[in-house]
Amino acid sequence: MPVLSISDLKVDIHGNTVLHDIDLTLEPGQILGVVGESGSGKSMTALSVMQLLPHGSQWSGTVEVAGTDLATLDEPALCQMRGRDVGMIFQEPMTALNPVRTIGDQVAETVRIHTGASRREAFAIAREMLNRVGLGEDRFPLDRFPHDLSGGQRQRVVIAQAIALRPKLLIADEPTTALDVTTQAQILDLLRQLVREEDMGLMLITHDLAVVAGLADKIAIMKDGQIVEAGPTREIFSAMRHPYTRALFSASAHVPDRGRKPEPGKTPVLAVENVVRDYQQPRRNLFVKPAPFRAVDHVSFEISHGENVGLVGESGCGKSTLARSILALDGLQGGDIRLNGHVFTSAGDGPHPELRAGMQVVFQDPYGSFNPRHRVRRLVTEPFHLVKDPPRGAELERRIDRALTEVGLSSSDADKYIHEFSGGQRQRIAIARALIIEPALIVLDEAVSALDVSIRAQILDLLAGLSDRLDLSYLFISHDLSVVRAITDRVLVMKDGKIVEQGETESVFRNPQHPYTQKLVAATPSLEAALAAPAN
Amino acid sequence: MTAYLLRRLLSLSLSLVAASLVIFLVMEVVPGDPASFMMGINADPQAVAALRTQLGLDEPLPVRYLGWVAGLLQGDFGISYTYRVPVSELIAERVMISLPLTLYALALSTLIAFPAGILAASRRNSAADLSVMGATQLGVAIPNFWFAMILVLVFAINLRWFSAGGFPGWDAGFFQAIKALTLPAIALALPQASILARVMRSSLIDTLNEDFMRTARAKGLSRGQALRRHALRNALIPVLTIIGLQFSFLLAGGIIIENVFYLPGLGRLAFQAITQRDLIVVRSVVILLVFAVIVVTFLVDLAYAAADPRLRRRRT
């Protein structure tokens, strides 16, 4: 009997159809990958199975969990089902746990509300489950609070509470999207192991084809609220019958065309020399000054004209701190940063504002990095505050016009507000804002990480084209190795505040020297590798 | 946790020292010499000078400050210029009314606000929510002296359930005293409860939208269970802040209500002392209020730490 069988599911929210004609089945011990871009309805499918759809939703069709038709259950019976027959894991481990209750308490809660277990029995099961997900008793006693744990550890707690009663079906909604690659590999391993050993069915929802390619037995590809193609993983990927599947696949593996190779000139655009950045730690003892935390530890590198340099590393390695130092948002404790040969900022000498125009930045969040009350015209011209004699009148219009057309928008967009644009378009506007002042260097801090794969491919193309045409250099900071590999000439690998390896991107990825780089590369899910592996 | 306590205690004592200095200096620069005020306009200058010496007003500033603080530490607030009785006696009498009245009003306010706020948040946009929001809007808008007079009109004059004012004293029996404080406490509590209910509602709505609430539902908790077990404690922090502020406000700010109900409370004492230039009483009442505010802030900090483990950093 399948653990999950959905047929002809249709969901409307306030009269808008968000899902239709959904048919899925999942057998015990199987992994079903549900893949799609944002808004494709994959999370809504999961919420239909949990019967936790948003207010104002109407559903029809059949959803059966282990043979029970959910339409026949009332709310108390659904509460019984959730957590006992179906467990669910969410995307954001940092906020998925209640901050004011201990991890033991939260795992035990699943047990206590469904079984008549006493407090002691429930805590014993919680202990067992936390051990099971790799959080041993010595380092993770039951009375720890979520804020003591890292993202990966918190995700393990969420998994422990989802599997505490050994549900027949486990739903994981983007369980590793917020995690570093090595942590992602560990969590995926854990999920795979749980499915095999407990004979659960796993519905794995993700936007990342590479993740499901190496893990799922079956795949369903969703677009605009329906399943466009479904079947066994290898079959889907080898046949690629549906055009959308093909498009998704090629966007995921997209490598933009780089016309020119950069020629190292005499003065590099950016020279970072022996940069040190310390953070003061909170005082623990009134009489002892704490040792500062060294977030960036004697880092040196250069970027030449037209060169794209990648900076990779896991969260907490110091890459964002380094970016802030380069942008002179923070002071330095050692070393200096030169722009086109001039000292921009150094230890003891503040940033020189007249040089600031030579460098611009694009951030990750296309939704939070614009003032919603300003028109695009005003948003993109903001950097002109940096120059003494900003363009006016017709010249200003020409510059706005050029910046917008460079990024693939039209000049009529200048009078719109930011909410009228999609995420990808907003990121184009962010790039236009950086371009308008004609900088030599743009720092891209996770600039494509929040975008869907097809949009990401377009933005990468745009960036590559601009770099070629305008002789622009990029410092491309990302945790996503495949993106860095696609767009950069050279790559720096950062760990614990130090650059542990640097070199030509392709050679670093093909033949990593430092053990840490080897670990990173090995943990990165790869579409080609997964498909080349022999069928199991 | 001990370190947290010690740190809070240290900052508490420092605030007290700073506050005492400020209060002392401000009282020094306020115009109006207590001695000449006490002797009247036509007094003999020599007699005024003699009184100044007797009151210790001609000693140097630091000496008088230290003398005042030393007295405070022993519970000696000095002698009132006008009443000619120890200030500590005056204040003790008034505190025995103001403090119970404040606690009574605060208890009422919390008892009304919590259920109302929780009901409104958990049934958002329902008729219950709209009624709570409407009622609290009204509660904030109505001036409390007017509401107090309506209470007197209805419950004291028409129904004769309560007396219209005055305080029989605690000697008259606990029940009698509480009964006398009931109408004033209701009048004080109404606007506070309205504010608190609104804060509770919005804080709870924010918490209900948190990711961990969805996790709780996915574990199989019903809406009510998830609210009780996961949302309430998280929603409490802003509410505690408001309760702390309301305590301080009620302790000193009840003067209008005290006047409506003829209650000899701290607010009226301070008001009379100011009009009579009885600076020593003013100073004592103010330092006492500052002390109360600081202690309440400390208690609120402790309540924060109890509600949210992130605020008591683990120290091993």
# chains A, B, ... in the order shown; residues from 1 in each chain; ligands from 1
$ residues_around --residues "Ile195 of chain B" --least-positions-apart "5" --cutoff "12 Å" --atoms "only C-alpha atoms" --output "count of residues only"
27
$ residues_around --residues "Val286 of chain B" --least-positions-apart "6" --cutoff "10 Å" --atoms "only C-alpha atoms" --output "MDAnalysis selection string"
chainID B and resid 19:20 23 252 266 270 280 292
$ atom_distance --atom1 "atom CA of Val18 of chain A" --atom2 "atom CA of Leu409 of chain A"
29.1 Å
$ closest_atom_pairs --of "chain A" --to "chain B" --cutoff "10 Å" --atoms "only C-alpha atoms" --output "JSON lines"
{"residue": "A:Leu47", "atom": "CA", "partner": "B:Ala218", "partner_atom": "CA", "distance": 9.4}
{"residue": "A:Met50", "atom": "CA", "partner": "B:Ala218", "partner_atom": "CA", "distance": 7.0}
{"residue": "A:Gln51", "atom": "CA", "partner": "B:Ala218", "partner_atom": "CA", "distance": 9.3}
{"residue": "A:Leu52", "atom": "CA", "partner": "B:Ala218", "partner_atom": "CA", "distance": 7.9}
{"residue": "A:Glu75", "atom": "CA", "partner": "B:Ser222", "partner_atom": "CA", "distance": 8.2}
{"residue": "A:Pro76", "atom": "CA", "partner": "B:Ser222", "partner_atom": "CA", "distance": 7.4}
{"residue": "A:Ala77", "atom": "CA", "partner": "B:Gly220", "partner_atom": "CA", "distance": 9.6}
{"residue": "A:Leu78", "atom": "CA", "partner": "B:Gly220", "partner_atom": "CA", "distance": 7.7}
{"residue": "A:Cys79", "atom": "CA", "partner": "B:Gly220", "partner_atom": "CA", "distance": 4.4}
{"residue": "A:Gln80", "atom": "CA", "partner": "B:Gly220", "partner_atom": "CA", "distance": 6.0}
{"residue": "A:Met81", "atom": "CA", "partner": "B:Gly220", "partner_atom": "CA", "distance": 6.9}
{"residue": "A:Arg82", "atom": "CA", "partner": "B:Gly220", "partner_atom": "CA", "distance": 4.5}
{"residue": "A:Gly83", "atom": "CA", "partner": "B:Lys219", "partner_atom": "CA", "distance": 4.1}
{"residue": "A:Arg84", "atom": "CA", "partner": "B:Gly220", "partner_atom": "CA", "distance": 7.4}
{"residue": "A:Asp85", "atom": "CA", "partner": "B:Gly220", "partner_atom": "CA", "distance": 9.7}
{"residue": "A:Val86", "atom": "CA", "partner": "B:Ala218", "partner_atom": "CA", "distance": 8.3}
{"residue": "A:Gly87", "atom": "CA", "partner": "B:Lys219", "partner_atom": "CA", "distance": 6.9}
{"residue": "A:Met88", "atom": "CA", "partner": "B:Ala218", "partner_atom": "CA", "distance": 6.3}
{"residue": "A:Ile89", "atom": "CA", "partner": "B:Thr215", "partner_atom": "CA", "distance": 7.9}
{"residue": "A:Phe90", "atom": "CA", "partner": "B:Thr215", "partner_atom": "CA", "distance": 7.8}
{"residue": "A:Gln91", "atom": "CA", "partner": "B:Asp211", "partner_atom": "CA", "distance": 9.6}
{"residue": "A:Glu92", "atom": "CA", "partner": "B:Asp211", "partner_atom": "CA", "distance": 8.0}
{"residue": "A:Pro93", "atom": "CA", "partner": "B:Asp211", "partner_atom": "CA", "distance": 9.1}
{"residue": "A:Met94", "atom": "CA", "partner": "B:Asp211", "partner_atom": "CA", "distance": 9.2}
{"residue": "A:Thr95", "atom": "CA", "partner": "B:Asp211", "partner_atom": "CA", "distance": 5.6}
{"residue": "A:Ala96", "atom": "CA", "partner": "B:Phe212", "partner_atom": "CA", "distance": 4.3}
{"residue": "A:Leu97", "atom": "CA", "partner": "B:Phe212", "partner_atom": "CA", "distance": 4.9}
{"residue": "A:Asn98", "atom": "CA", "partner": "B:Phe212", "partner_atom": "CA", "distance": 5.4}
{"residue": "A:Pro99", "atom": "CA", "partner": "B:Asp308", "partner_atom": "CA", "distance": 7.6}
{"residue": "A:Val100", "atom": "CA", "partner": "B:Asp308", "partner_atom": "CA", "distance": 5.3}
{"residue": "A:Arg101", "atom": "CA", "partner": "B:Pro309", "partner_atom": "CA", "distance": 8.0}
{"residue": "A:Thr102", "atom": "CA", "partner": "B:Pro309", "partner_atom": "CA", "distance": 9.1}
{"residue": "A:Gln106", "atom": "CA", "partner": "B:Ala216", "partner_atom": "CA", "distance": 8.9}
{"residue": "A:Val107", "atom": "CA", "partner": "B:Lys219", "partner_atom": "CA", "distance": 9.4}
{"residue": "A:Glu109", "atom": "CA", "partner": "B:Lys219", "partner_atom": "CA", "distance": 8.2}
{"residue": "A:Thr110", "atom": "CA", "partner": "B:Lys219", "partner_atom": "CA", "distance": 5.7}
{"residue": "A:Val111", "atom": "CA", "partner": "B:Lys219", "partner_atom": "CA", "distance": 9.2}
{"residue": "A:Ile113", "atom": "CA", "partner": "B:Leu221", "partner_atom": "CA", "distance": 7.3}
{"residue": "A:His114", "atom": "CA", "partner": "B:Gly220", "partner_atom": "CA", "distance": 7.8}
{"residue": "A:Arg144", "atom": "CA", "partner": "B:Arg314", "partner_atom": "CA", "distance": 9.5}
{"residue": "A:Phe145", "atom": "CA", "partner": "B:Pro309", "partner_atom": "CA", "distance": 7.4}
{"residue": "A:Pro146", "atom": "CA", "partner": "B:Arg310", "partner_atom": "CA", "distance": 9.1}
{"residue": "A:His147", "atom": "CA", "partner": "B:Arg310", "partner_atom": "CA", "distance": 6.9}
{"residue": "A:Asp148", "atom": "CA", "partner": "B:Arg314", "partner_atom": "CA", "distance": 8.6}
{"residue": "A:Val158", "atom": "CA", "partner": "B:Thr215", "partner_atom": "CA", "distance": 8.3}
{"residue": "A:Gln161", "atom": "CA", "partner": "B:Lys219", "partner_atom": "CA", "distance": 7.6}
{"residue": "A:Ala162", "atom": "CA", "partner": "B:Lys219", "partner_atom": "CA", "distance": 6.9}
{"residue": "A:Ile163", "atom": "CA", "partner": "B:Lys219", "partner_atom": "CA", "distance": 9.8}
{"residue": "A:Ala164", "atom": "CA", "partner": "B:Lys219", "partner_atom": "CA", "distance": 9.8}
{"residue": "A:Arg284", "atom": "CA", "partner": "B:Ala3", "partner_atom": "CA", "distance": 8.7}
{"residue": "A:Asn285", "atom": "CA", "partner": "B:Ala3", "partner_atom": "CA", "distance": 8.7}
{"residue": "A:Leu286", "atom": "CA", "partner": "B:Arg7", "partner_atom": "CA", "distance": 9.0}
$ closest_residue --among "B:Leu6, B:Leu25, B:Leu55, B:Trp161" --to "Gly78 of chain B" --atoms "only C-alpha atoms"
B:Leu55
$ residues_around --residues "Leu170 of chain A" --least-positions-apart "2" --cutoff "7 Å" --atoms "only C-alpha atoms" --output "PyMOL selection string"
chain A and resi 86-88+167-168+172+200-203
$ select_by_dssp --residues "segment 289-340 of chain A" --states "helix (DSSP H, G or I)" --output "PyMOL selection string"
chain A and resi 319-326
$ write_last_selection --atoms "N, CA, C and O atoms" --output "mmCIF file, in the first residue's frame"
data_model
loop_
_atom_site.group_PDB
_atom_site.id
_atom_site.type_symbol
_atom_site.label_atom_id
_atom_site.label_comp_id
_atom_site.auth_asym_id
_atom_site.auth_seq_id
_atom_site.Cartn_x
_atom_site.Cartn_y
_atom_site.Cartn_z
ATOM 1 N N LYS A 319 33.719 35.623 5.003
ATOM 2 C CA LYS A 319 33.669 36.213 3.667
ATOM 3 C C LYS A 319 32.828 37.482 3.627
ATOM 4 O O LYS A 319 33.192 38.437 2.942
ATOM 5 N N SER A 320 31.750 37.511 4.400
ATOM 6 C CA SER A 320 30.951 38.740 4.419
ATOM 7 C C SER A 320 31.678 39.856 5.157
ATOM 8 O O SER A 320 31.591 41.025 4.775
ATOM 9 N N THR A 321 32.408 39.494 6.213
ATOM 10 C CA THR A 321 33.189 40.493 6.934
ATOM 11 C C THR A 321 34.251 41.087 6.022
ATOM 12 O O THR A 321 34.477 42.298 6.004
ATOM 13 N N LEU A 322 34.884 40.216 5.231
ATOM 14 C CA LEU A 322 35.891 40.692 4.288
ATOM 15 C C LEU A 322 35.252 41.656 3.295
ATOM 16 O O LEU A 322 35.804 42.718 2.974
ATOM 17 N N ALA A 323 34.053 41.304 2.810
ATOM 18 C CA ALA A 323 33.361 42.176 1.858
ATOM 19 C C ALA A 323 33.071 43.528 2.493
ATOM 20 O O ALA A 323 33.285 44.574 1.875
ATOM 21 N N ARG A 324 32.617 43.530 3.739
ATOM 22 C CA ARG A 324 32.336 44.795 4.428
ATOM 23 C C ARG A 324 33.600 45.629 4.578
ATOM 24 O O ARG A 324 33.564 46.851 4.478
ATOM 25 N N SER A 325 34.728 44.946 4.829
ATOM 26 C CA SER A 325 35.988 45.668 4.969
ATOM 27 C C SER A 325 36.398 46.283 3.642
ATOM 28 O O SER A 325 36.840 47.430 3.586
ATOM 29 N N ILE A 326 36.231 45.522 2.560
ATOM 30 C CA ILE A 326 36.614 46.037 1.247
ATOM 31 C C ILE A 326 35.761 47.248 0.888
ATOM 32 O O ILE A 326 36.243 48.225 0.330
#
$ closest_residue --among "B:Leu279, B:Ile150, B:Ala127, B:Ala105" --to "Ile186 of chain B" --atoms "only C-alpha atoms"
B:Ala105
$ residues_around --residues "segment 228-231 of chain A" --least-positions-apart "3" --cutoff "7 Å" --atoms "only C-alpha atoms" --output "JSON, numbers by chain"
{"A": [218, 219, 220, 221, 222, 223, 235, 236, 242]}
$ write_last_selection --atoms "C-alpha atoms" --output "PDB file, in the first residue's frame"
ATOM      1  CA  LYS A 218      11.162   9.265  -8.511  1.00  0.00           C
ATOM      2  CA  ILE A 219      10.814  12.843  -9.569  1.00  0.00           C
ATOM      3  CA  ALA A 220       7.887  15.134 -10.238  1.00  0.00           C
ATOM      4  CA  ILE A 221       8.607  18.431 -11.958  1.00  0.00           C
ATOM      5  CA  MET A 222       6.119  21.187 -11.211  1.00  0.00           C
ATOM      6  CA  LYS A 223       5.332  24.434 -12.959  1.00  0.00           C
ATOM      7  CA  GLU A 235      14.282   8.076 -16.923  1.00  0.00           C
ATOM      8  CA  ILE A 236      13.269  11.713 -16.493  1.00  0.00           C
ATOM      9  CA  HIS A 242       9.070  17.960 -21.539  1.00  0.00           C
TER      10      HIS A 242
END
$ closest_residue --among "A:Leu179, A:Leu270, A:Val309, A:Ala124" --to "Gln502 of chain A" --atoms "only C-alpha atoms"
A:Val309
$ atom_distance --atom1 "atom CA of Ile255 of chain B" --atom2 "atom CA of Thr275 of chain B"
14.2 Å
$ residues_around --residues "His419 of chain A" --least-positions-apart "4" --cutoff "10 Å" --atoms "only C-alpha atoms" --output "MDAnalysis selection string"
chainID A and resid 367 370:373 375 423 426
$ select_by_dssp --residues "segment 182-328 of chain A" --states "strand (DSSP E or B)" --output "PyMOL selection string"
chain A and resi 201-206+218-223+226-232+270-279+285+288+293-303+308-312
